[in-house]
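Chemist: First the structure, which I've put down as structure tokens, then a few questions once you've had a look.
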Amino acid sequence: MNPREEKVKIITEEFIENDEDADMERQKKNPKVRRQPRKKQPPTAVRKEMVSEKSHLGNQQEPVQEEPKTCLLSMTARRGPQSLPPIPSTSRTGFAEFSMRGRMREKLQAARSKAESALLQEIPTPWPRRLRSPSKKELETEFGTEPGKEVESTQQEIDSQSHSRVKFHDSARKIKPKPQVPPGFPSAEEAYNFFTFNFDPEPEESEKKPKARHREGTNLEQEEGEEEPPAHGGGKETDEEELLNGDDAEDFLLGLDHMADDFVAVRPADYESIHDRLQMEREMLFIPSRQTVPTYKKLPENVQPRFLEDEGLYTGVRPEVSRTNQNIMENRLLVQDPERRWFGDDGRILALPNPIKPFPSRLPVETQELSIKAELETMYKKAVKYVHSSQHVIRSGDPPGNFQLDIDISGLLFTHHPCFSREHVLAAKLAQLYDQYLARHQRNKAKFLTEKLQALRNAVQTGLDPEKPHQSLDTIQKTINDYKSEIRQTRKLRDAEQEKDRTLLKTIIKVWKEMKSLREFQRFTNTPLKLVLRKEKGDQKADEEAYEAEIQVEISELLEEHTEEYTQKMEEYRTSLQQWKAWRKAQRAKKKKRKQAAEEHSYDETEEPHPEEDLVKPIPPEPTDRAVIEQEVRERATQSRRRPGEPMLVPELSLAGSITPNNQCPRAEVLRREDVKKRSLYLKVLFNNKEVSRTVTRPLGADFRVHFGQIFNLQIVNWPESLALQVYETIGHSGPTLLAEVFLPVPETTVVAGRAPIEEVEFSSNQHVTLDHEGVGSGVPFSFEADGSNQLILMTSGKVSHSVAWAIGENGIPLIPPLSQQNIGFRSALKRADAISSIGTSGLTDMKKLAKWAAESKLDPNDPNNAPLMQLISVATSGESYVPDFFRLEQLQQEFNFVSDQELSRSKRFRLLLLRSQEVPEFRNYKQIPVYDREIMEKVFQDYEKRLRDRNVIETKEHIDTHRAMVAKYLQQVRESVINRFLIAKQHFLLADMIVEEEVPNISILGLSLFKLAEQKRPLRPRRKGRKKVTAQNLSDGDIKLLVNIVRAYDIPVRKPAVSKFQQPSRSSRMFSEKHAASPSTHSPNHNADYPLGQVSVRPFVEVSFQRTVCHTTTAEGPNPSWNEELELPFRAPNGDYSTASLQSVKDVVFINIFDEVLHDVLEDDRERGSGIHTRIERHWLGCVKIPFSTIYFQARIDGTFKIDIPPVLLGYSKEQNMILERGFDSVRNLSEGSYITLFITIEPQLVPGESVQEKFESQEDEKLLQASEKFQAECAFKFPNRQCLTTVIDINGKTVFITRYLKPLNPPEELLNVYPNNLQATAELVARYVSLIPFLPDTVSFAGICDLWSTSDQFLDLLAGDEEEHAVLLCNYFLSLGKKAWLVMGNAIPEGPTAYVLTWEQGHYLIWNPCSGHFYGQFDTFCPLKNVGCLIGPDNIWFNIQRYDSPLRINFDVTKPKLWKSFFSRSLPYPGLSSVQPEELIYQRSDKAAAAELQDRIEKILKEKIMDWRPRHLTRWNRYCTSTLRHFLPLLEKSQGEDVEDDHRAELLKQLGDYRFSGFPLHMPYSEVKPLIDAVYSTGVHNIDVPNVEFALAVYIHPYPKNVLSVWIYVASLIRNR
Amino acid sequence: MAEVHVIGQIIGASGFSESSLFCKWGIHTGAAWKLLSGVQVGQTQVDTPQIGEMAYWSHPIDLHFATKGLQGWPRLHFQVWSQDSFGRCQLAGYGFCHVPSSPGTHQLACPTWRPLGSWQEQLARAFVGGGPQLLHGDTIYSGADRYRLHTAAGGTVHLEISLLLRHFDRYGVEC
């Protein structure tokens, strides 16, 4: 029902009679009105008429209002008075036009009257006057509808409705006694009309009418009001005029064009007395009483009010409404809504939404204005110049801005200080206890629990009430039981709380007493503390009663519990008793039987066996004694509760006491006070471990309080990682001492200035202070007792009160860094991911369990805190989840979808397309995706899915060793996160990437080229032309070739004759060894004579293998061959992706292997020697050079002489001793023995290597230092653009770090130091070897396309992978720790390019160490791979090479000469003492020998399998004997680092495997993965021997070094049995 | 499962009072749409017309969508910016148009507008550059009641877009 209608109903009910009266009145008056001349008409009459008409019409109004044609209605309404003018007037108006209508009307009238009479008959109304009302309406309608009553039905409807209304009125009248209403007052309807009628369609009139009436009311001159209507003109107005003066109606109707003044009537002002009006108002208004409504009226019959709050349920806070307003509302509602729906169980009006209602009844109304504004808000932005820089700001998305953190330090309070006197100690304790007391008092848990207990008890009582039959007994019982258990628990809690309260109070009093006695004893007071105990005496009798009642209740409850228990026990007892009885019976029966049996066979059974245990007769439980319980309860009560008569003690701590002045104190105390005065304190504010500000120094007060009251505004850029305060104390004029450091929590983003509460953080310091005066000191035992017992040790401690909050900017936006900044660096990012996952697993594991718990724990369903849980419960219990938590953004989307989401995601084509566009490695550059799903094989995704699945599974198959597998996974993760971070950078293109443009020749170039024309042609001196660089975009497979130009080699090992004890001249297969062999002792002269094919010592050729493509040169001769051949190898990028990023991450290595081609005579028969040559070509691997493709890619070309990696033992070969060159530095050892090869490698066409991304990284370095380093670098680059200068590097967290921070003496593993305790040089070599055993992994491979990241040495050792810098840093740190002078050399080397070496100063000379190979070179070694030196870096300075030359051969390494070396830190910028980023100490785990052995076996197995795989067409036999020999030999090699064992080894081998021709060698590598090992074995080509009777031997040895660094030795050999 | 290829170019802009224009563009789709490949947002180069008034960008658009419904048909939105002689950028107009729904090549012209701002802002814009910008860029294409916004007309962005539709007939969509 429409509320308005209701209202109407209420009003109409009350004032219906008025209607009647008015009608009557009008009947009487109307003729009079007509008779009277206009001027004499009393205003009241008109008024009354109008009123009556109106009031009557009110009836009609209701239904009509539902019609659209309100205007019509208002017409009729206004035309009310017209009802009485004679009919002729109307007919005269225009009979012709209306004759038809008239007839219709008559008919209608007839029908209506009929209907009405029928109606009247139905209603036996006691009010005959009422009868007139319909009839009058007929009249009224007759006239009223004149202008616009086109539709009969409308009228009919109106009428019928009004009739029904009439009926209603009548019936209403029947019920209600008629109030006496004096005639002439506005009826309820009229009043209602007045307020509610909608005058919209005719605004002028509607406005006027109320106005006019208003004037009447206020007794003003009415003339204007009357005159207005004609001024407005129009028929309607005239109509109105007509009603106002009935006499003129005819004239008016005759001529519509009357002048305005014709209609003017001069009438006296209408007047209505105030009294009348008030009376009237009283009649039509309902004024609810202000009296409080008694509760019983508001509740259904026989229902007691129920207070949820008392039952312990949550009730919200009612909005503040004044009592009178509530009363009025309640009164009104009582009348209006008899169903009492608006009253709650507690008899109060409902003021809060039902908290357990799942959906809100109405949505919160948002202020429309604001939201729209926010959406469409525009902001004036200044035209800003676009900062174009080549540096990508990493977080370009973040708003650049300063953020502000406000730290308010209000003060400091010591809870203990060395200068505390004994009294102070007590005072502090007292204050603390008092604080505790206050806190407890505020919470008042005991009271709360008591009340809860009370409520629960009441609930039990009501639950037991038999008057509530509507609940099933079961549930009642259950709830009661629940309540009871709850009562038990609550009681326990309450008792505990009360006891705590009591003990606290006792302690306070005790401490106070102690303090008092102390004050008396020492005869002075130090603290103003004063404790006053206020006694509050209650009514003793009532108190006692309550106490007793409580005890009684408790006793009865306990008794009940006990009886319950007792009955339960009884029950148990009975059952057990019965069992026992049954057992007894059985026993007896058995006994009897046995007795009988015993009588019969007494001889064979001396003792009866007891197969069953005797059941013990159960003991009946004792019934509980009331007295005992009572005693218990009373005892407890006296302990924990206040005794009934006892006054309530309220302690009050005040500072009102007086302190004894100094002159009355003993000397020691005066000293103490003076000492306190000397002390002052200040606080430092540390932000991210940097001091940002400090407070002023304030003296310590006598009360050990320091007030600062300072606010520090920290303008910050980064998300704060730590915030700390340091408390410094100064004594007298001495320097400040750090007392303690307090870490403040970084505020939540919601905490903004002005809202942050002052918080207190406690601090304590562990300093020990003993003072020679009254002060008790800190960390020193002292005692209050005279005998020194009961010692106390107190540490300096205190509290800092502060508040930290984010500042608010000018526009009200809090200056908080975006959350994205909160996690910086990979590690934290990884950590965050972990945290999320951990939350996910712990929090949301078992919904069912959670729901179960929630159901069991009986949560208060009304408490909004529990709302989500309650929802969960309802979902869990109902079984179906109705989730209202969504808001559908696109309605009807689901309904109009073509396909479901699942189907869309099932589409293989789309998936493939998506994966390709996401550049997932498996699908990057995937070409030609099929058009139809059916053409895509499922197996395309297999690899990818497998990878996704295994993302978190550490796969040990590939890596074998779990640690390395984890490292690989970690690297993978780091790499992914790095790549994600640099996505922006990847999208940044240079102009050259986009535009390939030939340079337009300008005049100078033209001139030069013209000049060139005239130049002499010199064909013998060709000039190198710059090649055109190709960007990687438009390349495809086969476009790129690797050109390897092999020029010559030096010092290739030469063959030695195979020596054998069993050597026989008649041997058919011979080795073409020659006479240069170094060991003539084993050389048999007759053997030499057997060489028919030439006198060559060695016939080497070079084989280059790259990406499994193999090319080789022709065979040259001699140990210093010259080939000068160019080999061309095709290059294929992975997945055909020739993008820069992809090329950078190519991990392939160019293997350059040097082989010796050996010709074997395979002639079976000596007789044929004359007629033919049958030889087999065998190749023996001599050594190799490995160059990673990435080096070639970045260097564009590699040109130089490289040392060939020759195995330490090369059976059958030796170096030509006479060929060894004596080179510069020989004092330690000939450093450069070995073989060398000269190479030139390049890529055709030349590729443009990706620019390493130059970025600005955030840094924690000092801004000055950063500026200085930039300046230094710029200066250096200006002078020597080609020399490498490095001042700052990026650590693994992506932060810029000054480079010297990486250098710091670090301890090498103890194990290595102990090997040669006296030989420093040997130790250094060993250490270098250890470092070189850590696998090499270039940064460019691991972090494709991005800059070099430097990891610290511990990270490096943890990762077990790194590039030159990491190796060099570690080696340098080791050398520093060994006491050497060592520097990091940044320069260019071959083949690495820009790299880092280590330079050490030995006695009188410099050594250059290659950290990756462990080799070292003298400064003047021509074969030193380091070619240029850019700068030297020491632990405390950087020196840039400003000499003319940069080759190590030609420069002076003396950094003290400022003319040769430009140092970074100098007198103008002294070294600030930068702390190191390296750890204090490296911790090495002992190597795990067992794991190494296991790994060794597995690698051996894998390699053997591989060799067999590589020889698919041949049988591979393994010579176990040889293998075991080799295995035995490898550890020796490791021990000697592959030196000086060759001869012994050979001799031994020969002894054991005499009749075999043997070729083989040990390979030595650091261990990272299995694949490089396999590749290395493959590249030696041992498996290529296809002599039918060949046998193989393979041994693997792994030597574990600390920190899981593994040195791998692989000995491969082939054996051919001599026949 | 229907697919839409949007291939074409942003040809340029005409009718802007400023010269040296560039354009930030984006394609917004409903939830039913899935981008299979291509870049959804981009920015053109700055074009300073030497001849005539029209700024030519010829910026390629190449997108491949999969969709499971017609709702949220892709719409293009633009922000035309102008760069003044100091290299400062300011907004010249916002524009929005739907990607055509019939296959084939379409020539589109997308008129643009920019917020007018208060008279102070207009004054400032006339003298020192800059100007009011929408704080929320999605207002360009979202149907929020924009009647509160006072705007001035900008120029027109011209596009040439070819559309390839696939499998729409399978779901009863004629095109």
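Going by the structure tokens order, chains are called A, B, ..., each with residues numbered from 1, while ligands are numbered from 1 in the order shown.
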Within 7 Å of B:Leu36, counting only C-alpha atoms, which residues show up once you throw out same-chain ones fewer than 2 positions away? Write them as a PyMOL selection string, please.
Modeler: (chain A and resi 910+913-914) or (chain B and resi 34+64-66)
Chemist: Please find the residues of chain B near chain A - the criterion being any atom within 8 Å, counting only C-alpha atoms - and write them as a CSV table (one decimal) with all heavy atoms, in the first residue's frame.
Modeler:
```
chain,number,residue,atom,x,y,z
B,1,MET,N,34.4,-17.7,-31.0
B,1,MET,CA,35.6,-18.2,-31.7
B,1,MET,C,35.8,-17.5,-33.0
B,1,MET,O,36.7,-17.9,-33.8
B,1,MET,CB,35.4,-19.7,-32.0
B,1,MET,CG,35.3,-20.5,-30.7
B,1,MET,SD,36.9,-21.2,-30.3
B,1,MET,CE,36.8,-22.7,-31.3
B,31,ALA,N,35.0,-7.4,-22.7
B,31,ALA,CA,35.6,-8.6,-22.0
B,31,ALA,C,35.6,-9.8,-22.9
B,31,ALA,O,36.3,-10.8,-22.7
B,31,ALA,CB,34.8,-8.8,-20.7
B,32,ALA,N,34.7,-9.9,-23.9
B,32,ALA,CA,34.6,-11.1,-24.7
B,32,ALA,C,35.7,-11.2,-25.7
B,32,ALA,O,35.9,-12.2,-26.3
B,32,ALA,CB,33.2,-11.1,-25.4
B,35,LEU,N,43.0,-10.5,-27.3
B,35,LEU,CA,44.0,-10.1,-28.3
B,35,LEU,C,44.9,-11.3,-28.5
B,35,LEU,O,45.5,-11.8,-27.6
B,35,LEU,CB,44.7,-8.9,-27.8
B,35,LEU,CG,45.8,-8.4,-28.7
B,35,LEU,CD1,45.1,-7.6,-29.8
B,35,LEU,CD2,46.8,-7.5,-28.0
B,36,LEU,N,45.0,-11.7,-29.8
B,36,LEU,CA,45.8,-12.9,-30.1
B,36,LEU,C,47.2,-12.4,-30.4
B,36,LEU,O,48.2,-12.9,-29.9
B,36,LEU,CB,45.3,-13.7,-31.2
B,36,LEU,CG,44.1,-14.5,-30.9
B,36,LEU,CD1,43.6,-15.3,-32.2
B,36,LEU,CD2,44.3,-15.4,-29.8
B,37,SER,N,47.3,-11.4,-31.2
B,37,SER,CA,48.6,-10.8,-31.4
B,37,SER,C,48.5,-9.4,-31.9
B,37,SER,O,47.4,-8.9,-32.3
B,37,SER,CB,49.4,-11.6,-32.4
B,37,SER,OG,48.7,-11.6,-33.6
B,38,GLY,N,49.6,-8.7,-31.8
B,38,GLY,CA,49.6,-7.2,-32.2
B,38,GLY,C,49.6,-6.4,-30.9
B,38,GLY,O,49.5,-6.8,-29.8
B,66,ALA,N,40.4,-12.5,-31.2
B,66,ALA,CA,39.5,-13.6,-31.1
B,66,ALA,C,38.4,-13.2,-30.2
B,66,ALA,O,38.6,-12.4,-29.3
B,66,ALA,CB,40.1,-14.9,-30.5
B,68,LYS,N,34.4,-14.1,-28.4
B,68,LYS,CA,33.3,-15.1,-28.2
B,68,LYS,C,31.9,-14.3,-28.2
B,68,LYS,O,31.0,-14.9,-27.7
B,68,LYS,CB,33.5,-15.8,-26.9
B,68,LYS,CG,33.7,-14.9,-25.7
B,68,LYS,CD,33.9,-15.6,-24.4
B,68,LYS,CE,34.0,-14.6,-23.3
B,68,LYS,NZ,34.0,-15.1,-22.0
B,69,GLY,N,31.9,-13.1,-28.6
B,69,GLY,CA,30.6,-12.4,-28.6
B,69,GLY,C,30.8,-11.1,-29.3
B,69,GLY,O,31.9,-10.7,-29.6
B,70,LEU,N,29.7,-10.5,-29.5
B,70,LEU,CA,29.7,-9.2,-30.3
B,70,LEU,C,29.9,-8.0,-29.4
B,70,LEU,O,30.3,-7.0,-29.8
B,70,LEU,CB,28.5,-9.1,-31.1
B,70,LEU,CG,28.4,-9.9,-32.4
B,70,LEU,CD1,27.0,-9.7,-33.0
B,70,LEU,CD2,29.5,-9.6,-33.3
B,71,GLN,N,29.5,-8.2,-28.1
B,71,GLN,CA,29.6,-7.1,-27.2
B,71,GLN,C,31.0,-6.6,-27.1
B,71,GLN,O,32.0,-7.3,-27.1
B,71,GLN,CB,29.1,-7.5,-25.8
B,71,GLN,CG,27.6,-7.4,-25.7
B,71,GLN,CD,27.0,-8.7,-25.4
B,71,GLN,OE1,27.5,-9.7,-25.9
B,71,GLN,NE2,26.0,-8.7,-24.5
B,86,PHE,N,59.1,24.8,-28.7
B,86,PHE,CA,60.1,24.5,-27.6
B,86,PHE,C,60.2,23.0,-27.3
B,86,PHE,O,60.8,22.6,-26.4
B,86,PHE,CB,59.7,25.3,-26.3
B,86,PHE,CG,59.4,26.7,-26.5
B,86,PHE,CD1,58.2,27.3,-26.6
B,86,PHE,CD2,60.5,27.6,-26.7
B,86,PHE,CE1,58.0,28.6,-26.8
B,86,PHE,CE2,60.3,28.9,-26.9
B,86,PHE,CZ,59.1,29.4,-26.9
B,87,GLY,N,59.5,22.3,-28.1
B,87,GLY,CA,59.5,20.9,-27.8
B,87,GLY,C,58.6,20.4,-26.7
B,87,GLY,O,58.6,19.3,-26.2
B,88,ARG,N,57.7,21.3,-26.4
B,88,ARG,CA,56.7,21.0,-25.3
B,88,ARG,C,55.5,20.4,-26.0
B,88,ARG,O,55.1,20.8,-27.1
B,88,ARG,CB,56.3,22.2,-24.5
B,88,ARG,CG,57.5,22.9,-24.0
B,88,ARG,CD,57.1,24.1,-23.2
B,88,ARG,NE,56.2,25.0,-24.0
B,88,ARG,CZ,55.5,26.0,-23.4
B,88,ARG,NH1,55.6,26.2,-22.2
B,88,ARG,NH2,54.7,26.7,-24.2
B,89,CYS,N,54.9,19.4,-25.3
B,89,CYS,CA,53.7,18.7,-25.9
B,89,CYS,C,52.5,19.2,-25.1
B,89,CYS,O,52.5,19.3,-23.9
B,89,CYS,CB,53.9,17.2,-25.7
B,89,CYS,SG,55.4,16.6,-26.6
B,90,GLN,N,51.5,19.4,-25.9
B,90,GLN,CA,50.2,19.7,-25.3
B,90,GLN,C,49.1,19.0,-26.0
B,90,GLN,O,49.2,18.7,-27.2
B,90,GLN,CB,50.0,21.2,-25.2
B,90,GLN,CG,50.2,21.9,-26.5
B,90,GLN,CD,50.2,23.4,-26.3
B,90,GLN,OE1,49.4,23.9,-25.7
B,90,GLN,NE2,51.2,24.0,-26.9
B,115,PRO,N,38.9,19.3,-23.9
B,115,PRO,CA,38.2,20.0,-22.8
B,115,PRO,C,38.5,21.5,-22.9
B,115,PRO,O,39.7,21.9,-23.2
B,115,PRO,CB,38.7,19.4,-21.5
B,115,PRO,CG,39.4,18.2,-21.9
B,115,PRO,CD,39.8,18.3,-23.3
B,117,GLY,N,37.8,24.0,-20.3
B,117,GLY,CA,38.3,24.5,-19.1
B,117,GLY,C,37.8,25.9,-18.8
B,117,GLY,O,37.0,26.4,-19.5
B,121,GLU,N,42.0,29.0,-17.5
B,121,GLU,CA,42.8,28.0,-18.2
B,121,GLU,C,42.9,28.2,-19.7
B,121,GLU,O,43.9,28.0,-20.3
B,121,GLU,CB,42.1,26.6,-17.9
B,121,GLU,CG,42.3,26.1,-16.5
B,121,GLU,CD,41.5,24.9,-16.2
B,121,GLU,OE1,40.6,24.5,-17.0
B,121,GLU,OE2,41.7,24.4,-15.1
B,128,VAL,N,50.6,30.5,-22.5
B,128,VAL,CA,51.8,29.7,-22.1
B,128,VAL,C,51.7,28.2,-22.4
B,128,VAL,O,52.5,27.4,-22.1
B,128,VAL,CB,52.0,29.8,-20.5
B,128,VAL,CG1,52.3,31.2,-20.2
B,128,VAL,CG2,50.8,29.3,-19.8
B,129,GLY,N,50.6,27.8,-23.1
B,129,GLY,CA,50.5,26.5,-23.6
B,129,GLY,C,49.9,25.6,-22.5
B,129,GLY,O,49.5,26.1,-21.5
B,130,GLY,N,50.0,24.3,-22.8
B,130,GLY,CA,49.4,23.4,-21.8
B,130,GLY,C,47.9,23.4,-22.0
B,130,GLY,O,47.4,23.8,-23.1
B,131,GLY,N,47.2,22.9,-21.1
B,131,GLY,CA,45.7,23.0,-21.2
B,131,GLY,C,45.1,21.9,-20.4
B,131,GLY,O,45.8,21.0,-19.9
B,132,PRO,N,43.8,22.0,-20.2
B,132,PRO,CA,43.1,20.9,-19.4
B,132,PRO,C,43.2,19.6,-20.1
B,132,PRO,O,43.0,19.5,-21.3
B,132,PRO,CB,41.7,21.5,-19.2
B,132,PRO,CG,41.5,22.5,-20.3
B,132,PRO,CD,42.9,23.0,-20.7
B,133,GLN,N,43.4,18.6,-19.3
B,133,GLN,CA,43.4,17.2,-19.9
B,133,GLN,C,42.5,16.4,-19.0
B,133,GLN,O,42.3,16.7,-17.8
B,133,GLN,CB,44.8,16.6,-19.9
B,133,GLN,CG,45.7,17.2,-20.8
B,133,GLN,CD,47.1,16.7,-20.6
B,133,GLN,OE1,47.3,15.7,-20.1
B,133,GLN,NE2,48.1,17.5,-21.1
B,134,LEU,N,41.9,15.4,-19.6
B,134,LEU,CA,41.1,14.5,-18.8
B,134,LEU,C,42.0,13.7,-17.8
B,134,LEU,O,43.1,13.3,-18.2
B,134,LEU,CB,40.4,13.4,-19.7
B,134,LEU,CG,39.3,13.9,-20.5
B,134,LEU,CD1,38.8,12.8,-21.4
B,134,LEU,CD2,38.2,14.5,-19.7
B,135,LEU,N,41.5,13.6,-16.6
B,135,LEU,CA,42.3,12.9,-15.6
B,135,LEU,C,42.2,11.4,-15.9
B,135,LEU,O,43.1,10.6,-15.7
B,135,LEU,CB,41.9,13.2,-14.2
B,135,LEU,CG,42.5,14.4,-13.6
B,135,LEU,CD1,42.0,14.5,-12.2
B,135,LEU,CD2,44.0,14.3,-13.6
B,136,HIS,N,41.0,11.0,-16.4
B,136,HIS,CA,40.8,9.6,-16.6
B,136,HIS,C,40.6,9.4,-18.1
B,136,HIS,O,39.6,9.8,-18.7
B,136,HIS,CB,39.5,9.1,-15.9
B,136,HIS,CG,39.6,9.4,-14.4
B,136,HIS,ND1,40.2,8.5,-13.5
B,136,HIS,CD2,39.3,10.5,-13.7
B,136,HIS,CE1,40.2,9.0,-12.3
B,136,HIS,NE2,39.6,10.2,-12.4
B,139,THR,N,37.6,8.1,-20.2
B,139,THR,CA,36.4,8.9,-20.5
B,139,THR,C,36.2,9.1,-22.0
B,139,THR,O,35.1,9.3,-22.4
B,139,THR,CB,36.5,10.2,-19.8
B,139,THR,OG1,37.0,10.0,-18.5
B,139,THR,CG2,35.2,10.9,-19.7
B,144,ALA,N,30.2,7.6,-20.0
B,144,ALA,CA,29.8,8.3,-18.9
B,144,ALA,C,29.2,9.6,-19.3
B,144,ALA,O,29.6,10.2,-20.4
B,144,ALA,CB,31.0,8.6,-18.0
B,145,ASP,N,28.3,10.1,-18.5
B,145,ASP,CA,27.6,11.3,-19.0
B,145,ASP,C,28.6,12.5,-19.0
B,145,ASP,O,29.0,13.0,-18.0
B,145,ASP,CB,26.4,11.7,-18.2
B,145,ASP,CG,26.5,11.1,-16.8
B,145,ASP,OD1,27.7,10.7,-16.4
B,145,ASP,OD2,25.6,11.1,-16.0
B,146,ARG,N,28.8,12.9,-20.2
B,146,ARG,CA,29.9,13.9,-20.4
B,146,ARG,C,29.3,15.3,-20.6
B,146,ARG,O,30.0,16.2,-20.9
B,146,ARG,CB,30.7,13.5,-21.7
B,146,ARG,CG,31.5,12.3,-21.6
B,146,ARG,CD,32.4,12.2,-22.7
B,146,ARG,NE,31.9,11.2,-23.7
B,146,ARG,CZ,32.5,10.8,-24.7
B,146,ARG,NH1,33.7,11.2,-25.0
B,146,ARG,NH2,32.0,9.9,-25.5
B,148,ARG,N,28.6,17.4,-18.7
B,148,ARG,CA,29.1,18.5,-17.8
B,148,ARG,C,30.4,19.1,-18.4
B,148,ARG,O,30.9,20.1,-18.0
B,148,ARG,CB,29.5,17.9,-16.5
B,148,ARG,CG,28.3,17.6,-15.6
B,148,ARG,CD,28.7,16.7,-14.5
B,148,ARG,NE,27.5,16.0,-14.0
B,148,ARG,CZ,26.7,16.6,-13.2
B,148,ARG,NH1,26.9,17.8,-12.7
B,148,ARG,NH2,25.6,16.0,-12.7
B,149,LEU,N,30.9,18.3,-19.4
B,149,LEU,CA,32.2,18.7,-19.9
B,149,LEU,C,32.0,19.8,-21.0
B,149,LEU,O,31.2,19.6,-21.9
B,149,LEU,CB,32.9,17.5,-20.5
B,149,LEU,CG,34.4,17.4,-20.5
B,149,LEU,CD1,34.9,17.5,-19.1
B,149,LEU,CD2,34.7,16.0,-21.0
B,171,TYR,N,28.2,-18.3,-36.2
B,171,TYR,CA,27.4,-18.0,-35.1
B,171,TYR,C,26.2,-17.1,-35.5
B,171,TYR,O,25.7,-16.4,-34.6
B,171,TYR,CB,28.2,-17.4,-34.0
B,171,TYR,CG,29.4,-18.2,-33.6
B,171,TYR,CD1,30.7,-17.9,-34.1
B,171,TYR,CD2,29.2,-19.3,-32.8
B,171,TYR,CE1,31.7,-18.8,-33.7
B,171,TYR,CE2,30.2,-20.2,-32.5
B,171,TYR,CZ,31.5,-19.9,-33.0
B,171,TYR,OH,32.5,-20.7,-32.6
```
Chemist: Write out as a PyMOL selection string all residues of stretch 68-159 of chain B that DSSP puts in strand (DSSP E or B) for this structure's backbone.
Modeler: chain B and resi 75-83+88-98+104-115+131-134+151-159
Chemist: Which residue is closest to A:Val727? Choose from A:Pro1100, A:Gly709, A:Pro651, A:Gly411 and count only C-alpha atoms.
Modeler: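 The closest residue to A:Val727 is A:Gly411.
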Chemist: Check stretch 8-149 of chain B with DSSP on the backbone and list each residue it calls alpha helix (DSSP H), as a ChimeraX atom specification.
Modeler: /B:119-128
